Structures are given as C-alpha cells and as structure tokens.
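Asks: Quick one: the structure is below, questions incoming.
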Amino acid sequence: MRETRESFTDVSFEEPRGSLEKAIADIQAEILDIDRVGRSDSFYDLGGTSLQAMRICARLERDLGVRALPVWLFDADILSDFAERVTAEGQTADA
C-alpha cells in the first residue's frame with residue numbers, strides 16, 4: 001500500500017497544472033511510492049533520494065521523450081519549479 005503524501009508534509013495539496021506537471025507528478029508519485037504529488041511539494045520532503053531522482057529523469061526521457069538532469073531536481077525540488085526547469089532547459093531525446 002502506498003504512503004499518503006500527508007505522511008511526509010503538511011503543505012496544502014495543490015493540483016499540478018498542465019500536462020508536464022501532471023506527468024512529472026505521476027512519475028514522482030510512482031517512484032516515491034506515495035499516493036499523489038502536488039505542484040508545491042518538495043522532492044526532499046517526500047523522501048526523495050539521488051537514486052530516485054535518476055529514475056524520475058530516466059522515466060521522463062522514456063515516457064515523454066524529454067531529457068532532464070537529476071541535478072535539476074536537486075536544485076529545483078518543488079514540482080512546479082522542476083517542471084519549469086525542464087520546460088526551459090530540457091531537450092527532446094532526439095536532439
């Protein structure tokens with residue numbers, strides 16, 4: 001059974017906006033084994049590790065064809081900030 005995000009944070013849940021935020025939230029939730037991830041949730045507060053950051057970035061490339069570096073998740077640990085960084089600096093896997 002997955003943990004609830006409320007087990008890790010008391011930040012109010014804010015629904016992800018846009019298709020990229022929603023996709024990242026779904027991937028993070030699956031890899032972190034929690035029920036949901038909100039746009040203002042911190043990867044660190046949800047128990048994220050460096051290995052999980054690598055897995056999240058690999059899934060982004062596999063599922064969406066977008067390259068993202070794990071270091072971006074360390075620097076921009078809030079979901080909406082990470083999605084913004086991916087939008088600004090991410091490349092399609094074909095590039």
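Quick note on naming: the chains in the structure tokens go A, B, ... in the order shown, residues restart at 1 in each chain, and ligands are numbered from 1 in order of appearance.
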What's around range 29-31 of chain A at 12 Å? Count only C-alpha atoms, leave out sequence neighbours fewer than 6 positions away in its own chain, and write the answer as a short mmCIF file (atom, residue, chain, number, x, y, z; two decimals) with N, CA, C and O atoms, in the first residue's frame.
Replies:
```
data_model
loop_
_atom_site.label_atom_id
_atom_site.label_comp_id
_atom_site.auth_asym_id
_atom_site.auth_seq_id
_atom_site.Cartn_x
_atom_site.Cartn_y
_atom_site.Cartn_z
N MET A 1 0.84 -1.19 0.00
CA MET A 1 0.00 0.00 0.00
C MET A 1 0.88 1.25 0.00
O MET A 1 1.86 1.33 0.74
N ARG A 2 0.53 2.18 -0.82
CA ARG A 2 1.29 3.43 -0.91
C ARG A 2 1.08 4.30 0.32
O ARG A 2 0.00 4.32 0.90
N GLU A 3 2.12 5.04 0.65
CA GLU A 3 2.02 6.05 1.71
C GLU A 3 1.20 7.23 1.18
O GLU A 3 1.13 7.46 -0.02
N THR A 4 0.65 8.00 2.09
CA THR A 4 -0.02 9.24 1.67
C THR A 4 0.99 10.37 1.74
O THR A 4 1.92 10.34 2.57
N ARG A 5 0.84 11.34 0.88
CA ARG A 5 1.77 12.48 0.88
C ARG A 5 1.68 13.21 2.22
O ARG A 5 2.66 13.79 2.68
N GLU A 21 3.51 19.09 -15.73
CA GLU A 21 3.45 18.97 -14.26
C GLU A 21 2.71 17.71 -13.85
O GLU A 21 3.13 17.00 -12.94
N LYS A 22 1.60 17.43 -14.52
CA LYS A 22 0.82 16.23 -14.18
C LYS A 22 1.64 14.97 -14.44
O LYS A 22 1.63 14.04 -13.62
N ALA A 23 2.34 14.92 -15.57
CA ALA A 23 3.15 13.74 -15.89
C ALA A 23 4.28 13.57 -14.88
O ALA A 23 4.53 12.45 -14.41
N VAL A 37 1.38 13.67 -5.72
CA VAL A 37 2.36 14.75 -5.54
C VAL A 37 1.72 16.03 -6.06
O VAL A 37 1.17 16.06 -7.16
N GLY A 38 1.77 17.07 -5.25
CA GLY A 38 1.20 18.36 -5.63
C GLY A 38 2.25 19.29 -6.20
O GLY A 38 3.45 19.07 -6.04
N ARG A 39 1.80 20.34 -6.83
CA ARG A 39 2.71 21.26 -7.52
C ARG A 39 3.63 22.03 -6.55
O ARG A 39 4.68 22.51 -6.95
N ASP A 41 4.83 20.62 -3.73
CA ASP A 41 5.52 19.62 -2.89
C ASP A 41 7.01 19.55 -3.21
O ASP A 41 7.41 19.65 -4.37
N SER A 42 7.79 19.37 -2.17
CA SER A 42 9.24 19.24 -2.29
C SER A 42 9.63 17.78 -2.43
O SER A 42 9.21 16.93 -1.64
N PHE A 43 10.45 17.49 -3.42
CA PHE A 43 11.00 16.15 -3.64
C PHE A 43 11.67 15.65 -2.36
O PHE A 43 11.52 14.50 -1.97
N LEU A 46 9.25 14.67 0.50
CA LEU A 46 8.56 13.42 0.21
C LEU A 46 9.49 12.22 0.29
O LEU A 46 9.10 11.11 -0.05
N GLY A 47 10.71 12.44 0.76
CA GLY A 47 11.65 11.35 0.98
C GLY A 47 12.51 11.00 -0.21
O GLY A 47 13.10 9.92 -0.26
N GLY A 48 12.58 11.90 -1.19
CA GLY A 48 13.34 11.63 -2.41
C GLY A 48 14.83 11.47 -2.17
O GLY A 48 15.41 12.13 -1.31
N THR A 49 15.43 10.55 -2.94
CA THR A 49 16.87 10.28 -2.87
C THR A 49 17.50 10.53 -4.23
O THR A 49 16.80 10.68 -5.23
N SER A 50 18.83 10.49 -4.28
CA SER A 50 19.52 10.70 -5.55
C SER A 50 19.20 9.59 -6.55
O SER A 50 19.03 9.84 -7.75
N LEU A 51 19.08 8.36 -6.09
CA LEU A 51 18.73 7.26 -6.98
C LEU A 51 17.34 7.46 -7.56
O LEU A 51 17.10 7.24 -8.75
N GLN A 52 16.42 7.91 -6.73
CA GLN A 52 15.06 8.16 -7.21
C GLN A 52 15.04 9.33 -8.20
O GLN A 52 14.28 9.30 -9.17
N ALA A 53 15.88 10.33 -7.99
CA ALA A 53 15.96 11.45 -8.94
C ALA A 53 16.42 10.94 -10.30
O ALA A 53 15.88 11.34 -11.34
N MET A 54 17.40 10.04 -10.32
CA MET A 54 17.86 9.46 -11.58
C MET A 54 16.75 8.66 -12.24
O MET A 54 16.56 8.74 -13.46
N ARG A 55 16.00 7.92 -11.45
CA ARG A 55 14.90 7.13 -12.00
C ARG A 55 13.80 8.03 -12.57
O ARG A 55 13.24 7.74 -13.63
N ILE A 56 13.50 9.12 -11.89
CA ILE A 56 12.49 10.07 -12.38
C ILE A 56 12.92 10.65 -13.71
O ILE A 56 12.14 10.70 -14.67
N CYS A 57 14.17 11.06 -13.81
CA CYS A 57 14.67 11.65 -15.07
C CYS A 57 14.69 10.61 -16.19
O CYS A 57 14.37 10.94 -17.34
N ALA A 58 15.05 9.38 -15.88
CA ALA A 58 15.03 8.32 -16.88
C ALA A 58 13.61 8.07 -17.38
O ALA A 58 13.39 7.87 -18.58
N ARG A 59 12.65 8.09 -16.47
CA ARG A 59 11.25 7.89 -16.87
C ARG A 59 10.74 9.05 -17.71
O ARG A 59 9.96 8.85 -18.64
N LEU A 60 11.17 10.28 -17.39
CA LEU A 60 10.77 11.42 -18.21
C LEU A 60 11.24 11.24 -19.65
O LEU A 60 10.50 11.50 -20.59
N LEU A 79 7.90 20.66 -7.24
CA LEU A 79 7.41 20.13 -8.51
C LEU A 79 7.24 21.20 -9.58
O LEU A 79 7.73 21.05 -10.70
#
```
Asks: Compare A:Leu69, A:Ala88, A:Ala25, A:Leu64 by their minimum atom-to-atom distance to Ser40 in chain A, counting only C-alpha atoms, and give me the closest one.
Replies: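 Smallest separation from Ser40 in chain A among the options: A:Ala25.
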Asks: With DSSP run on the backbone, what are the strand (DSSP E or B) residues within chain A? I'd like them as a PyMOL selection string.
Replies: chain A and resi 3+34+42+66-67+78+91-92
Asks: Deliver the residues from the most recent selection as a file, using N, CA and C atoms, as a compact mmCIF listing (two decimals), in the first residue's frame.
Replies:
```txt
# COMPACT_ATOMS: atom_id res chain seq x y z
N GLU A 3 2.12 5.04 0.65
CA GLU A 3 2.02 6.05 1.71
C GLU A 3 1.20 7.23 1.18
N ILE A 34 4.14 7.00 -3.21
CA ILE A 34 3.15 7.75 -2.44
C ILE A 34 1.92 7.96 -3.32
N SER A 42 7.79 19.37 -2.17
CA SER A 42 9.24 19.24 -2.29
C SER A 42 9.63 17.78 -2.43
N VAL A 66 11.73 13.58 -23.10
CA VAL A 66 12.37 14.83 -22.65
C VAL A 66 13.55 14.50 -21.75
N ARG A 67 14.70 15.06 -22.06
CA ARG A 67 15.87 14.87 -21.20
C ARG A 67 15.85 15.88 -20.07
N ILE A 78 10.92 21.64 -5.79
CA ILE A 78 9.46 21.83 -5.80
C ILE A 78 8.96 21.44 -7.18
N GLN A 91 15.62 18.99 -23.31
CA GLN A 91 15.74 18.73 -24.74
C GLN A 91 14.98 17.46 -25.05
N THR A 92 14.48 17.39 -26.27
CA THR A 92 13.87 16.13 -26.65
C THR A 92 14.97 15.10 -26.78
```
Asks: Could you work out how far CA of Ile24 in chain A lies from CA of Ala68 in chain A, giving the answer in Å with one decimal?
Replies: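 Computed distance, CA of Ala68 in chain A to CA of Ile24 in chain A, equals 11.0 Å.
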Asks: So, with only C-alpha atoms as the atoms that count, which of A:Ile27, A:Thr9, A:Arg17, A:Asp77 lies closest to Arg62 in chain A?
Replies: A:Ile27
Asks: So what do you get for CA of Asp63 in chain A versus CA of Asp75 in chain A, distance-wise?
Replies: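 CA of Asp75 in chain A lies 22.5 Å from CA of Asp63 in chain A.
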Asks: Can you list, as a PDB file with C-alpha atoms, in the first residue's frame, every residue of chain A that DSSP puts in alpha helix (DSSP H)?
Replies:
```pdb
ATOM      1  CA  GLY A  18      -0.571  21.460 -17.273  1.00  0.00           C
ATOM      2  CA  SER A  19       0.359  18.186 -18.877  1.00  0.00           C
ATOM      3  CA  LEU A  20       4.065  18.296 -17.969  1.00  0.00           C
ATOM      4  CA  GLU A  21       3.455  18.968 -14.257  1.00  0.00           C
ATOM      5  CA  LYS A  22       0.825  16.230 -14.178  1.00  0.00           C
ATOM      6  CA  ALA A  23       3.151  13.743 -15.890  1.00  0.00           C
ATOM      7  CA  ILE A  24       6.044  14.581 -13.544  1.00  0.00           C
ATOM      8  CA  ALA A  25       3.734  14.337 -10.513  1.00  0.00           C
ATOM      9  CA  ASP A  26       2.523  10.899 -11.618  1.00  0.00           C
ATOM     10  CA  ILE A  27       6.079   9.669 -12.202  1.00  0.00           C
ATOM     11  CA  GLN A  28       7.291  11.044  -8.868  1.00  0.00           C
ATOM     12  CA  ALA A  29       4.356   9.513  -7.003  1.00  0.00           C
ATOM     13  CA  GLU A  30       5.019   6.107  -8.528  1.00  0.00           C
ATOM     14  CA  ILE A  31       8.761   6.174  -7.889  1.00  0.00           C
ATOM     15  CA  LEU A  32       8.425   7.608  -4.376  1.00  0.00           C
ATOM     16  CA  SER A  50      19.518  10.705  -5.555  1.00  0.00           C
ATOM     17  CA  LEU A  51      18.733   7.263  -6.981  1.00  0.00           C
ATOM     18  CA  GLN A  52      15.064   8.165  -7.215  1.00  0.00           C
ATOM     19  CA  ALA A  53      15.965  11.449  -8.938  1.00  0.00           C
ATOM     20  CA  MET A  54      17.861   9.463 -11.575  1.00  0.00           C
ATOM     21  CA  ARG A  55      14.898   7.128 -12.004  1.00  0.00           C
ATOM     22  CA  ILE A  56      12.492  10.068 -12.376  1.00  0.00           C
ATOM     23  CA  CYS A  57      14.667  11.648 -15.069  1.00  0.00           C
ATOM     24  CA  ALA A  58      15.034   8.318 -16.882  1.00  0.00           C
ATOM     25  CA  ARG A  59      11.250   7.893 -16.866  1.00  0.00           C
ATOM     26  CA  LEU A  60      10.769  11.419 -18.207  1.00  0.00           C
ATOM     27  CA  GLU A  61      13.002  10.558 -21.123  1.00  0.00           C
ATOM     28  CA  ARG A  62      11.391   7.165 -21.698  1.00  0.00           C
ATOM     29  CA  ASP A  63       7.754   8.239 -21.297  1.00  0.00           C
ATOM     30  CA  LEU A  64       7.836  11.814 -22.626  1.00  0.00           C
ATOM     31  CA  PRO A  70      18.881  14.762 -11.859  1.00  0.00           C
ATOM     32  CA  VAL A  71      20.794  17.819 -10.618  1.00  0.00           C
ATOM     33  CA  TRP A  72      17.865  19.954 -11.799  1.00  0.00           C
ATOM     34  CA  LEU A  73      15.650  18.092  -9.341  1.00  0.00           C
ATOM     35  CA  PHE A  74      18.159  18.747  -6.559  1.00  0.00           C
ATOM     36  CA  ASP A  75      18.271  22.477  -7.405  1.00  0.00           C
ATOM     37  CA  LEU A  79       7.405  20.129  -8.510  1.00  0.00           C
ATOM     38  CA  SER A  80       6.346  23.337 -10.286  1.00  0.00           C
ATOM     39  CA  ASP A  81       9.933  24.661 -10.238  1.00  0.00           C
ATOM     40  CA  PHE A  82      11.305  21.403 -11.630  1.00  0.00           C
ATOM     41  CA  ALA A  83       8.679  21.380 -14.404  1.00  0.00           C
ATOM     42  CA  GLU A  84       9.618  24.969 -15.247  1.00  0.00           C
ATOM     43  CA  ARG A  85      13.303  23.999 -15.432  1.00  0.00           C
ATOM     44  CA  VAL A  86      12.522  21.017 -17.645  1.00  0.00           C
ATOM     45  CA  THR A  87      10.497  23.285 -19.937  1.00  0.00           C
ATOM     46  CA  ALA A  88      13.271  25.883 -20.087  1.00  0.00           C
ATOM     47  CA  GLU A  89      16.281  23.598 -20.421  1.00  0.00           C
TER      48      GLU A  89
END
```
